[in-house]
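Q: Pasting target-v2.txt below, which is compact mmCIF, C-alpha atoms.
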# COMPACT_ATOMS: atom_id res chain seq x y z
CA MET A 1 80.80 74.51 -98.31
CA ALA A 2 81.00 70.97 -97.07
CA ASP A 3 81.99 70.18 -93.50
CA PRO A 4 85.67 69.11 -93.57
CA LEU A 5 85.40 67.14 -90.30
CA PRO A 6 84.36 63.83 -91.93
CA LEU A 7 87.31 64.05 -94.34
CA LEU A 8 89.75 64.92 -91.56
CA THR A 9 88.41 62.09 -89.42
CA ARG A 10 88.63 59.62 -92.31
CA ALA A 11 92.20 60.68 -93.11
CA ASP A 12 93.16 60.30 -89.45
CA ASP A 13 91.58 56.83 -89.29
CA LEU A 14 93.33 55.69 -92.47
CA LEU A 15 96.69 56.97 -91.27
CA GLY A 16 96.17 55.14 -87.98
CA GLN A 17 95.50 51.91 -89.84
CA LEU A 18 98.54 52.46 -92.02
CA GLU A 19 100.77 53.14 -89.00
CA ALA A 20 99.55 49.90 -87.40
CA ALA A 21 100.20 47.81 -90.53
CA PRO A 22 103.45 45.86 -90.53
CA GLY A 23 105.89 45.58 -93.37
CA PRO A 24 107.79 47.60 -95.93
CA THR A 25 104.72 48.53 -98.00
CA ALA A 26 103.15 50.31 -95.02
CA ARG A 27 106.43 52.12 -94.30
CA THR A 28 106.69 53.21 -97.94
CA ALA A 29 103.08 54.42 -97.94
CA LEU A 30 103.68 56.43 -94.75
CA GLU A 31 106.80 57.98 -96.26
CA ALA A 32 104.80 58.89 -99.37
CA VAL A 33 102.16 60.58 -97.17
CA ARG A 34 104.91 62.44 -95.28
CA VAL A 35 106.52 63.70 -98.51
CA LEU A 36 103.16 64.73 -99.99
CA THR A 37 102.32 66.55 -96.76
CA GLU A 38 105.61 68.46 -96.96
CA LEU A 39 104.92 69.27 -100.60
CA TYR A 40 101.46 70.64 -99.81
CA GLY A 41 102.90 72.58 -96.88
CA GLU A 42 105.45 74.22 -99.13
CA ALA A 43 102.70 75.06 -101.64
CA LEU A 44 100.57 76.61 -98.89
CA THR A 45 103.56 78.64 -97.70
CA ARG A 46 103.98 80.04 -101.20
CA VAL A 47 100.27 80.89 -101.41
CA LEU A 48 100.48 82.79 -98.12
CA ASP A 49 103.63 84.58 -99.26
CA ALA A 50 101.89 85.72 -102.46
CA ALA A 51 98.65 86.69 -100.70
CA GLY A 52 98.23 90.09 -99.14
CA PRO A 53 97.34 90.38 -95.45
CA ALA A 54 93.59 90.51 -96.12
CA LEU A 55 93.60 87.35 -98.26
CA ALA A 56 95.91 85.55 -95.82
CA GLU A 57 93.46 86.36 -93.02
CA ARG A 58 90.50 85.10 -95.08
CA LEU A 59 92.36 81.90 -95.88
CA ALA A 60 93.27 81.38 -92.22
CA ASP A 61 89.64 81.94 -91.19
CA ASP A 62 88.44 79.14 -93.48
CA GLU A 63 87.93 76.07 -91.31
CA LEU A 64 89.75 73.59 -93.55
CA VAL A 65 92.48 75.90 -94.86
CA GLY A 66 93.10 77.27 -91.36
CA HIS A 67 93.41 73.71 -90.06
CA LEU A 68 95.98 72.87 -92.75
CA LEU A 69 97.92 76.08 -92.13
CA ALA A 70 98.10 75.24 -88.43
CA LEU A 71 99.19 71.66 -89.09
CA HIS A 72 102.01 72.93 -91.32
CA GLY A 73 103.05 75.51 -88.72
CA ILE A 74 102.37 78.46 -91.01
CA HIS A 75 99.12 79.84 -89.61
CA PRO A 76 99.48 83.63 -89.53
CA GLU A 77 97.65 83.93 -86.20
CA PRO A 78 99.53 82.71 -83.09
CA VAL A 79 98.12 79.61 -81.42
CA GLU A 80 97.46 81.51 -78.18
CA ARG A 81 95.23 83.99 -80.00
CA ARG A 82 93.31 81.22 -81.78
CA VAL A 83 92.77 79.38 -78.49
CA ALA A 84 91.54 82.61 -76.87
CA ARG A 85 89.13 83.10 -79.80
CA ALA A 86 87.79 79.57 -79.38
CA VAL A 87 87.27 80.08 -75.64
CA GLU A 88 85.47 83.37 -76.30
CA ALA A 89 83.25 81.68 -78.88
CA VAL A 90 82.04 78.95 -76.49
CA ARG A 91 81.92 81.09 -73.33
CA PRO A 92 78.28 82.20 -73.93
CA ALA A 93 77.11 78.58 -74.29
CA VAL A 94 78.94 77.63 -71.09
CA ARG A 95 77.43 80.63 -69.29
CA ASP A 96 73.93 79.68 -70.55
CA ARG A 97 74.38 76.35 -68.76
CA GLY A 98 75.39 77.99 -65.50
CA GLY A 99 79.14 77.67 -65.95
CA GLU A 100 82.11 79.94 -66.31
CA LEU A 101 85.04 79.54 -68.68
CA ARG A 102 88.42 81.26 -68.84
CA LEU A 103 91.66 80.50 -70.61
CA ALA A 104 94.44 79.75 -68.13
CA GLY A 105 97.20 79.49 -70.71
CA VAL A 106 98.90 77.61 -73.50
CA ALA A 107 102.21 75.86 -72.92
CA ASP A 108 104.06 72.90 -74.39
CA GLY A 109 101.30 72.12 -76.90
CA VAL A 110 98.56 72.04 -74.25
CA ALA A 111 95.81 74.60 -73.62
CA THR A 112 94.61 74.85 -70.03
CA VAL A 113 91.16 76.23 -69.28
CA ARG A 114 89.36 77.09 -66.08
CA LEU A 115 85.90 75.61 -66.38
CA ARG A 116 83.53 75.91 -63.45
CA THR A 117 80.21 74.17 -63.79
CA SER A 118 77.15 73.58 -61.69
CA GLY A 119 74.77 70.67 -61.88
CA CYS A 120 75.34 67.05 -62.69
CA PRO A 121 78.78 65.68 -63.60
CA SER A 122 77.59 64.46 -67.01
CA SER A 123 76.65 67.99 -68.09
CA ALA A 124 80.06 69.20 -66.85
CA ALA A 125 81.74 66.49 -68.92
CA GLY A 126 79.66 67.51 -71.94
CA LEU A 127 80.72 71.14 -71.52
CA ALA A 128 84.37 70.13 -71.16
CA ASP A 129 84.10 68.08 -74.36
CA ALA A 130 82.52 71.01 -76.22
CA VAL A 131 85.29 73.35 -75.06
CA ARG A 132 87.96 70.83 -76.07
CA GLU A 133 86.41 70.36 -79.52
CA ALA A 134 86.13 74.12 -80.12
CA VAL A 135 89.74 74.77 -79.10
CA LEU A 136 91.17 71.91 -81.16
CA ALA A 137 89.14 72.99 -84.20
CA LEU A 138 90.99 76.33 -84.22
CA ALA A 139 94.31 75.02 -82.90
CA PRO A 140 94.72 71.44 -84.21
CA GLU A 141 98.45 71.50 -83.56
CA LEU A 142 97.77 71.26 -79.81
CA SER A 143 98.15 67.83 -78.26
CA ASP A 144 95.52 68.40 -75.56
CA VAL A 145 93.10 70.74 -73.83
CA ARG A 146 93.03 70.30 -70.05
CA ARG A 147 91.03 71.72 -67.20
CA ALA A 148 92.92 73.50 -64.46
CA PRO A 149 92.75 71.69 -61.11
CA GLU A 150 89.45 72.41 -59.36
CA ASP A 151 90.81 74.52 -56.50
CA GLU A 152 92.64 76.76 -58.98
CA GLU A 153 89.30 77.39 -60.72
CA ARG A 154 87.90 79.08 -57.62
CA PRO A 155 88.49 82.75 -56.90
CA PRO A 156 90.95 83.15 -53.98
CA ASP A 157 88.16 84.10 -51.53
CA GLU A 158 86.26 80.86 -52.33
CA ARG A 159 89.18 78.43 -52.04
CA ARG A 160 89.05 75.82 -49.32
CA PRO A 161 91.58 76.45 -46.59
CA GLY A 162 94.17 73.76 -45.94
CA ALA A 163 93.89 71.76 -42.75
CA PHE A 164 95.87 73.26 -39.88
CA VAL A 165 97.62 70.87 -37.54
CA PRO A 166 99.54 72.56 -34.73
CA LEU A 167 103.17 71.46 -34.55
CA ASP A 168 102.79 70.73 -30.80
CA ALA A 169 100.09 68.13 -31.58
CA VAL A 170 102.44 66.29 -33.92
CA ARG A 171 105.30 66.40 -31.42
CA THR A 172 103.09 65.21 -28.55
CA ARG A 173 101.76 62.25 -30.55
CA ALA A 174 105.24 61.31 -31.77
CA ALA A 175 106.68 61.47 -28.25
CA THR A 176 103.90 59.35 -26.71
CA ALA A 177 103.75 56.84 -29.57
CA GLY A 178 106.95 55.12 -28.46
CA ARG A 179 105.95 54.77 -24.77
CA PRO A 180 104.35 51.59 -23.45
CA SER A 181 100.78 52.02 -22.23
Would you mind writing the structure in this file as structure tokens?
A:
Amino acid sequence: MADPLPLLTRADDLLGQLEAAPGPTARTALEAVRVLTELYGEALTRVLDAAGPALAERLADDELVGHLLALHGIHPEPVERRVARAVEAVRPAVRDRGGELRLAGVADGVATVRLRTSGCPSSAAGLADAVREAVLALAPELSDVRRAPEDEERPPDERRPGAFVPLDAVRTRAATAGRPS
């Protein structure tokens, strides 16, 4: 089977150009795309309704069909489960490069991952990009994949302690700041 990514990328590029085009023809073309998309979504819904659970699962596992099911909001597998599957699939590659990867959660259309890396920042960025790509391939309806803040990525016993400033030191400085020297 052919890789659907070039077709998906091309369709996305063309829609972007169409959205940027001024005038009534562009608006009519976008409306035609919207209606066709709804039509295909309804057809996919009927296919899933007619398919048994085994066939529905096979259809959802197909990269292109699964992508379309997710975009139409009819994927039989919840987004959280698909994101967890994507994280599990790339975890060994992250581990092979000295990193650690865990899913922190999915909320408001955004998946958050805990990605700890060692080594140069460019390899960390490459790993983050690979994780993002893997997650969005299985859950294209998400708007983003973000890394949890760095300190949250550390186990509690490895977190940096906050700076402690005694209250008396603040009071003493504040009281002497207003006095002439």
Q: I'd like the contact shell of Ala89 in chain A - 12 Å cut-off, all atoms listed in the file, skipping same-chain residues fewer than 3 positions apart - returned as a ChimeraX atom specification.
A: /A:82-86,92-95,101-103,130-131,133-135,137-138
Q: From the list A:Val113, A:Ala139, A:Leu59, A:Ala20, which residue is nearest Glu80 in chain A when using all atoms listed in the file?
A: A:Ala139
Q: What is the distance between CA of Glu141 in chain A and CA of Gly73 in chain A, in Å to one decimal?
A: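 Going from CA of Glu141 in chain A over to CA of Gly73 in chain A covers 8.0 Å.
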Q: Find the distance between CA of Gly98 in chain A and CA of Leu115 in chain A and write it in Å to one decimal.
A: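 CA of Leu115 in chain A lies at a distance of 10.8 Å from CA of Gly98 in chain A.
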Q: Measuring between only C-alpha atoms, which one of A:Ser143, A:Gln17, A:Ser118, A:Thr25 shows the shortest distance to Gly99 in chain A?
A: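 When distances to Gly99 in chain A are compared using only C-alpha atoms, the smallest one comes from A:Ser118.
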Q: Excluding same-chain residues fewer than 5 positions from range 8-16 of chain A, what lies within 9 Å of it counting all atoms listed in the file, as a PDB file with C-alpha atoms, in the coordinates of the input?
A:
ATOM      1  CA  ALA A  21     100.200  47.810 -90.530  1.00  0.00           C
ATOM      2  CA  LEU A  30     103.680  56.430 -94.750  1.00  0.00           C
ATOM      3  CA  VAL A  33     102.160  60.580 -97.170  1.00  0.00           C
ATOM      4  CA  LEU A  64      89.750  73.590 -93.550  1.00  0.00           C
TER       5      LEU A  64
END
Q: Would you mind telling me which residue in A:Arg81, A:Arg97, A:Ala50, A:Val110 lies nearest to Gly126 in chain A when using all atoms listed in the file?
A: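 Using all atoms listed in the file, Gly126 in chain A sits closest to A:Arg97.
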Q: Which residues come within 10 Å of Leu44 in chain A, counting only C-alpha atoms, excluding same-chain residues fewer than 4 positions away, as an NGL selection string?
A: :A and (38-40 or 48-50 or 65 or 68-69 or 72 or 74-75)
Q: Between CA of Ala60 in chain A and CA of Glu77 in chain A, measure the distance and give it in Å to one decimal.
A: 7.9 Å
Q: Would you mind telling me which residue in A:Arg146, A:Ala124, A:Gly66, A:Leu71 lies nearest to Gly105 in chain A when using all atoms listed in the file?
A: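 Using all atoms listed in the file, Gly105 in chain A sits closest to A:Arg146.
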Q: Emit as JSON the padded axis-aligned box for all listed atoms of range 107-124 of chain A, 3 Å per side, with centre and edge lengths in Å to one decimal.
A:
{"center_x": 89.4, "center_y": 70.8, "center_z": -69.3, "size_x": 35.3, "size_y": 18.6, "size_z": 21.2}
Q: Compare A:Thr37, A:Ser122, A:Thr28, A:Thr112 by their minimum atom-to-atom distance to Ala148 in chain A, counting all atoms listed in the file, and give me the closest one.
A: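 Answer, going by the shortest atom-to-atom distance: A:Thr112.
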Q: Would you fill the gaps in range 12-23 of chain A so it has all heavy atoms, then print it as a tab-separated table (two decimals), keeping the file's coordinate frame?
A:
chain	number	residue	atom	x	y	z
A	12	ASP	N	92.52	60.69	-90.71
A	12	ASP	CA	93.16	60.30	-89.45
A	12	ASP	C	93.01	58.80	-89.20
A	12	ASP	O	93.97	58.13	-88.80
A	12	ASP	CB	92.55	61.11	-88.30
A	12	ASP	CG	93.41	61.07	-87.06
A	12	ASP	OD1	94.64	61.16	-87.18
A	12	ASP	OD2	92.83	60.95	-85.96
A	13	ASP	N	91.81	58.27	-89.46
A	13	ASP	CA	91.58	56.83	-89.29
A	13	ASP	C	92.46	56.01	-90.23
A	13	ASP	O	93.07	55.01	-89.83
A	13	ASP	CB	90.11	56.48	-89.54
A	13	ASP	CG	89.18	56.99	-88.46
A	13	ASP	OD1	89.67	57.35	-87.37
A	13	ASP	OD2	87.96	57.04	-88.71
A	14	LEU	N	92.52	56.42	-91.50
A	14	LEU	CA	93.33	55.69	-92.47
A	14	LEU	C	94.82	55.73	-92.12
A	14	LEU	O	95.52	54.73	-92.24
A	14	LEU	CB	93.11	56.25	-93.88
A	14	LEU	CG	91.74	55.94	-94.50
A	14	LEU	CD1	91.54	56.74	-95.78
A	14	LEU	CD2	91.59	54.45	-94.75
A	15	LEU	N	95.29	56.89	-91.67
A	15	LEU	CA	96.69	56.97	-91.27
A	15	LEU	C	96.97	56.09	-90.05
A	15	LEU	O	98.03	55.46	-89.96
A	15	LEU	CB	97.08	58.43	-90.97
A	15	LEU	CG	97.29	59.30	-92.20
A	15	LEU	CD1	97.48	60.76	-91.79
A	15	LEU	CD2	98.48	58.82	-93.02
A	16	GLY	N	96.02	56.02	-89.13
A	16	GLY	CA	96.17	55.14	-87.98
A	16	GLY	C	96.27	53.68	-88.39
A	16	GLY	O	97.10	52.93	-87.86
A	17	GLN	N	95.45	53.29	-89.34
A	17	GLN	CA	95.50	51.91	-89.84
A	17	GLN	C	96.83	51.64	-90.54
A	17	GLN	O	97.43	50.57	-90.38
A	17	GLN	CB	94.35	51.66	-90.81
A	17	GLN	CG	92.99	51.61	-90.15
A	17	GLN	CD	91.87	51.50	-91.19
A	17	GLN	OE1	92.09	51.06	-92.31
A	17	GLN	NE2	90.67	51.91	-90.81
A	18	LEU	N	97.29	52.61	-91.30
A	18	LEU	CA	98.54	52.46	-92.02
A	18	LEU	C	99.72	52.36	-91.05
A	18	LEU	O	100.62	51.54	-91.23
A	18	LEU	CB	98.73	53.65	-92.97
A	18	LEU	CG	99.73	53.53	-94.09
A	18	LEU	CD1	99.48	52.28	-94.93
A	18	LEU	CD2	99.66	54.76	-94.97
A	19	GLU	N	99.70	53.18	-90.00
A	19	GLU	CA	100.77	53.14	-89.00
A	19	GLU	C	100.81	51.79	-88.28
A	19	GLU	O	101.86	51.33	-87.86
A	19	GLU	CB	100.61	54.27	-88.00
A	19	GLU	CG	100.96	55.63	-88.58
A	19	GLU	CD	100.60	56.78	-87.66
A	19	GLU	OE1	99.77	56.60	-86.74
A	19	GLU	OE2	101.17	57.87	-87.86
A	20	ALA	N	99.63	51.17	-88.11
A	20	ALA	CA	99.55	49.90	-87.40
A	20	ALA	C	99.92	48.71	-88.29
A	20	ALA	O	100.20	47.62	-87.78
A	20	ALA	CB	98.14	49.70	-86.84
A	21	ALA	N	99.92	48.92	-89.60
A	21	ALA	CA	100.20	47.81	-90.53
A	21	ALA	C	101.69	47.50	-90.53
A	21	ALA	O	102.53	48.41	-90.58
A	21	ALA	CB	99.74	48.18	-91.93
A	22	PRO	N	102.03	46.23	-90.50
A	22	PRO	CA	103.45	45.86	-90.53
A	22	PRO	C	103.97	45.82	-91.97
A	22	PRO	O	103.20	45.78	-92.92
A	22	PRO	CB	103.44	44.45	-89.93
A	22	PRO	CG	102.09	43.90	-90.30
A	22	PRO	CD	101.15	45.08	-90.30
A	23	GLY	N	105.27	45.85	-92.08
A	23	GLY	CA	105.89	45.58	-93.37
A	23	GLY	C	106.38	46.79	-94.12
A	23	GLY	O	106.05	47.93	-93.81
